[in-house]
Amino acid sequence: MTEQRRRILLIDDEEVVLDSCLAILEDSEHDVAVAASGAEGLDKVRAWNPDLVFVDLKMPGMPGMQVLEEIRTLDPTIVCVVFTGFATIASAVEAMKHGAYDFLAKPFTPDEFRTLVRRGLEQR
């Protein structure tokens, strides 16, 4: 019996961030999907049931905090990590209150990202 591949969803309106994350995870044994908006991300959460979701806080339309709330309502066992270029202690605390497991400040290194992927999947 083979173990099911873990699913990672990346939600960010910046294509360069999505591309970078995809490149970092390219050789991993995980299935990875991307969404360019909060609404698209929530559609993918509903359809795809990911194990780990990275959510950008500042996006046009639906902000990341709202996306976190919606994911927590849909499935509280999904591990969410917030990433943002506007990292402050206050926004980190706010994200945790909305269900985020951890916080990753942009720009981040490939090793920082891989570490959070590993820890997030272990948490799941």
# chains A, B, ... in the order shown; residues from 1 in each chain; ligands from 1
$ select_by_dssp --residues "chain A" --states "strand (DSSP E)" --output "PyMOL selection string"
chain A and resi 7-11+31-35+52-56+79-84+102-105
$ residues_around --residues "region 60-70 of chain A" --least-positions-apart "3" --cutoff "12 Å" --atoms "only C-alpha atoms" --output "PyMOL selection string"
chain A and resi 10-14+35-46+52-57+73-76+78-84+91-102
$ closest_residue --among "A:Gln123, A:Asp51, A:Ala90, A:Leu22" --to "Pro110 (chain A)" --atoms "only C-alpha atoms"
A:Leu22
$ atom_distance --atom1 "CA of Met59 (chain A)" --atom2 "CA of Leu104 (chain A)"
15.7 Å
$ residues_around --residues "Pro107 (chain A)" --least-positions-apart "5" --cutoff "12 Å" --atoms "only C-alpha atoms" --output "list in words"
Val16, Val17, Ser20, Cys21, Phe83, Thr84, Gly85, Phe86, Ala87, Glu112 and Phe113 of chain A
$ write_last_selection --atoms "all heavy atoms" --output "CSV table (one decimal), in the first residue's frame"
chain,number,residue,atom,x,y,z
A,16,VAL,N,5.8,35.8,-9.1
A,16,VAL,CA,7.2,35.5,-8.8
A,16,VAL,C,7.3,34.7,-7.5
A,16,VAL,O,8.1,33.8,-7.4
A,16,VAL,CB,8.0,36.8,-8.7
A,16,VAL,CG1,7.6,37.7,-7.5
A,16,VAL,CG2,9.5,36.5,-8.6
A,17,VAL,N,6.4,34.9,-6.5
A,17,VAL,CA,6.5,34.1,-5.3
A,17,VAL,C,6.0,32.7,-5.6
A,17,VAL,O,6.6,31.7,-5.1
A,17,VAL,CB,5.6,34.8,-4.2
A,17,VAL,CG1,5.5,33.9,-3.0
A,17,VAL,CG2,6.1,36.2,-3.8
A,20,SER,N,8.7,30.9,-7.5
A,20,SER,CA,9.8,30.5,-6.6
A,20,SER,C,9.5,29.3,-5.7
A,20,SER,O,10.3,28.4,-5.6
A,20,SER,CB,10.2,31.7,-5.7
A,20,SER,OG,10.6,32.8,-6.5
A,21,CYS,N,8.3,29.3,-5.1
A,21,CYS,CA,7.9,28.2,-4.3
A,21,CYS,C,7.8,26.9,-5.0
A,21,CYS,O,8.2,25.9,-4.6
A,21,CYS,CB,6.6,28.6,-3.6
A,21,CYS,SG,6.7,29.9,-2.3
A,83,PHE,N,2.4,33.9,4.6
A,83,PHE,CA,3.7,34.6,4.2
A,83,PHE,C,3.3,35.9,3.7
A,83,PHE,O,2.3,36.2,3.1
A,83,PHE,CB,4.6,33.8,3.3
A,83,PHE,CG,4.0,33.2,2.1
A,83,PHE,CD1,2.8,33.5,1.5
A,83,PHE,CD2,4.8,32.2,1.4
A,83,PHE,CE1,2.3,32.8,0.4
A,83,PHE,CE2,4.3,31.6,0.3
A,83,PHE,CZ,3.1,31.9,-0.3
A,84,THR,N,4.2,36.9,4.1
A,84,THR,CA,3.9,38.3,3.7
A,84,THR,C,5.2,39.1,3.7
A,84,THR,O,6.1,38.8,4.4
A,84,THR,CB,2.9,38.9,4.7
A,84,THR,OG1,2.6,40.2,4.3
A,84,THR,CG2,3.5,38.9,6.1
A,85,GLY,N,5.1,40.1,2.9
A,85,GLY,CA,6.2,41.1,2.9
A,85,GLY,C,6.1,42.2,3.9
A,85,GLY,O,6.9,43.1,4.1
A,86,PHE,N,5.0,42.2,4.6
A,86,PHE,CA,4.6,43.2,5.6
A,86,PHE,C,4.6,42.6,7.0
A,86,PHE,O,3.7,42.7,7.7
A,86,PHE,CB,3.3,43.8,5.3
A,86,PHE,CG,3.2,44.4,3.9
A,86,PHE,CD1,2.7,43.6,2.9
A,86,PHE,CD2,3.6,45.7,3.6
A,86,PHE,CE1,2.6,44.1,1.6
A,86,PHE,CE2,3.6,46.2,2.4
A,86,PHE,CZ,3.0,45.4,1.3
A,87,ALA,N,5.7,41.9,7.3
A,87,ALA,CA,5.8,41.1,8.6
A,87,ALA,C,6.0,42.1,9.8
A,87,ALA,O,6.9,42.8,9.8
A,87,ALA,CB,6.9,40.1,8.5
A,112,GLU,N,14.4,28.1,4.5
A,112,GLU,CA,13.4,28.6,5.4
A,112,GLU,C,12.0,28.0,4.9
A,112,GLU,O,11.2,27.5,5.7
A,112,GLU,CB,13.3,30.1,5.5
A,112,GLU,CG,14.4,30.7,6.2
A,112,GLU,CD,14.5,32.3,6.0
A,112,GLU,OE1,14.0,32.8,5.0
A,112,GLU,OE2,14.9,32.9,7.0
A,113,PHE,N,11.8,28.1,3.6
A,113,PHE,CA,10.5,27.6,3.1
A,113,PHE,C,10.4,26.1,3.2
A,113,PHE,O,9.4,25.6,3.7
A,113,PHE,CB,10.4,28.0,1.6
A,113,PHE,CG,9.1,27.6,0.9
A,113,PHE,CD1,7.9,28.2,1.3
A,113,PHE,CD2,9.1,26.6,0.0
A,113,PHE,CE1,6.7,27.8,0.7
A,113,PHE,CE2,7.9,26.2,-0.6
A,113,PHE,CZ,6.7,26.8,-0.3
$ closest_residue --among "A:Leu9, A:Ile24, A:Ala47, A:Ile71" --to "Thr109 (chain A)" --atoms "only C-alpha atoms"
A:Ile24
$ atom_distance --atom1 "CA of Lys106 (chain A)" --atom2 "CA of Thr77 (chain A)"
25.2 Å
$ decode --residues "region 40-52 of chain A" --atoms "all heavy atoms" --output "compact mmCIF listing (two decimals), in the first residue's frame"
# COMPACT_ATOMS: atom_id res chain seq x y z
N GLU A 40 -9.93 32.09 -5.43
CA GLU A 40 -9.46 30.92 -6.18
C GLU A 40 -8.86 29.89 -5.23
O GLU A 40 -9.07 28.69 -5.38
CB GLU A 40 -8.41 31.35 -7.23
CG GLU A 40 -7.90 30.21 -8.07
CD GLU A 40 -6.73 30.59 -8.99
OE1 GLU A 40 -6.43 31.79 -9.14
OE2 GLU A 40 -6.13 29.66 -9.54
N GLY A 41 -8.12 30.38 -4.23
CA GLY A 41 -7.52 29.48 -3.24
C GLY A 41 -8.57 28.70 -2.48
O GLY A 41 -8.42 27.49 -2.27
N LEU A 42 -9.64 29.37 -2.07
CA LEU A 42 -10.71 28.68 -1.33
C LEU A 42 -11.40 27.65 -2.21
O LEU A 42 -11.77 26.56 -1.73
CB LEU A 42 -11.72 29.69 -0.78
CG LEU A 42 -11.20 30.52 0.39
CD1 LEU A 42 -12.21 31.59 0.78
CD2 LEU A 42 -10.88 29.64 1.59
N ASP A 43 -11.59 27.97 -3.49
CA ASP A 43 -12.17 26.98 -4.42
C ASP A 43 -11.29 25.73 -4.46
O ASP A 43 -11.79 24.61 -4.46
CB ASP A 43 -12.30 27.57 -5.83
CG ASP A 43 -13.43 28.58 -5.93
OD1 ASP A 43 -14.30 28.63 -5.02
OD2 ASP A 43 -13.46 29.34 -6.92
N LYS A 44 -9.96 25.94 -4.50
CA LYS A 44 -9.04 24.80 -4.56
C LYS A 44 -9.03 24.03 -3.24
O LYS A 44 -8.89 22.81 -3.25
CB LYS A 44 -7.64 25.26 -4.95
CG LYS A 44 -7.59 25.66 -6.41
CD LYS A 44 -6.21 25.74 -6.98
CE LYS A 44 -6.34 26.02 -8.48
NZ LYS A 44 -5.09 26.36 -9.12
N VAL A 45 -9.17 24.73 -2.12
CA VAL A 45 -9.25 24.04 -0.82
C VAL A 45 -10.46 23.11 -0.82
O VAL A 45 -10.36 21.94 -0.44
CB VAL A 45 -9.33 25.04 0.36
CG1 VAL A 45 -9.71 24.34 1.65
CG2 VAL A 45 -8.00 25.78 0.53
N ARG A 46 -11.60 23.62 -1.28
CA ARG A 46 -12.82 22.81 -1.30
C ARG A 46 -12.68 21.61 -2.24
O ARG A 46 -13.11 20.50 -1.91
CB ARG A 46 -14.00 23.67 -1.76
CG ARG A 46 -14.47 24.66 -0.72
CD ARG A 46 -15.71 25.44 -1.22
NE ARG A 46 -15.93 26.60 -0.40
CZ ARG A 46 -15.52 27.84 -0.70
NH1 ARG A 46 -14.88 28.07 -1.83
NH2 ARG A 46 -15.76 28.84 0.11
N ALA A 47 -12.10 21.82 -3.40
CA ALA A 47 -12.04 20.77 -4.42
C ALA A 47 -10.90 19.77 -4.17
O ALA A 47 -11.02 18.60 -4.53
CB ALA A 47 -11.86 21.41 -5.80
N TRP A 48 -9.83 20.21 -3.52
CA TRP A 48 -8.59 19.44 -3.52
C TRP A 48 -8.19 18.94 -2.14
O TRP A 48 -7.38 18.03 -2.02
CB TRP A 48 -7.51 20.34 -4.12
CG TRP A 48 -6.29 19.66 -4.63
CD1 TRP A 48 -6.23 18.63 -5.53
CD2 TRP A 48 -4.95 19.98 -4.27
NE1 TRP A 48 -4.92 18.30 -5.76
CE2 TRP A 48 -4.11 19.11 -5.01
CE3 TRP A 48 -4.37 20.91 -3.44
CZ2 TRP A 48 -2.73 19.16 -4.92
CZ3 TRP A 48 -2.99 20.96 -3.34
CH2 TRP A 48 -2.19 20.09 -4.07
N ASN A 49 -8.72 19.53 -1.08
CA ASN A 49 -8.44 19.12 0.30
C ASN A 49 -6.94 19.02 0.60
O ASN A 49 -6.42 17.94 0.88
CB ASN A 49 -9.14 17.79 0.60
CG ASN A 49 -9.12 17.46 2.08
OD1 ASN A 49 -9.14 18.36 2.91
ND2 ASN A 49 -9.07 16.19 2.40
N PRO A 50 -6.22 20.15 0.57
CA PRO A 50 -4.78 20.12 0.82
C PRO A 50 -4.45 19.83 2.29
O PRO A 50 -5.29 20.00 3.17
CB PRO A 50 -4.33 21.53 0.44
CG PRO A 50 -5.54 22.37 0.68
CD PRO A 50 -6.72 21.50 0.34
N ASP A 51 -3.22 19.39 2.52
CA ASP A 51 -2.72 19.17 3.88
C ASP A 51 -2.14 20.45 4.46
O ASP A 51 -2.22 20.69 5.67
CB ASP A 51 -1.62 18.09 3.86
CG ASP A 51 -2.15 16.76 3.39
OD1 ASP A 51 -2.96 16.16 4.13
OD2 ASP A 51 -1.77 16.32 2.29
N LEU A 52 -1.51 21.24 3.61
CA LEU A 52 -0.79 22.43 4.03
C LEU A 52 -1.10 23.56 3.05
O LEU A 52 -1.08 23.35 1.83
CB LEU A 52 0.72 22.14 4.03
CG LEU A 52 1.70 23.25 4.36
CD1 LEU A 52 1.48 23.78 5.77
CD2 LEU A 52 3.13 22.75 4.19
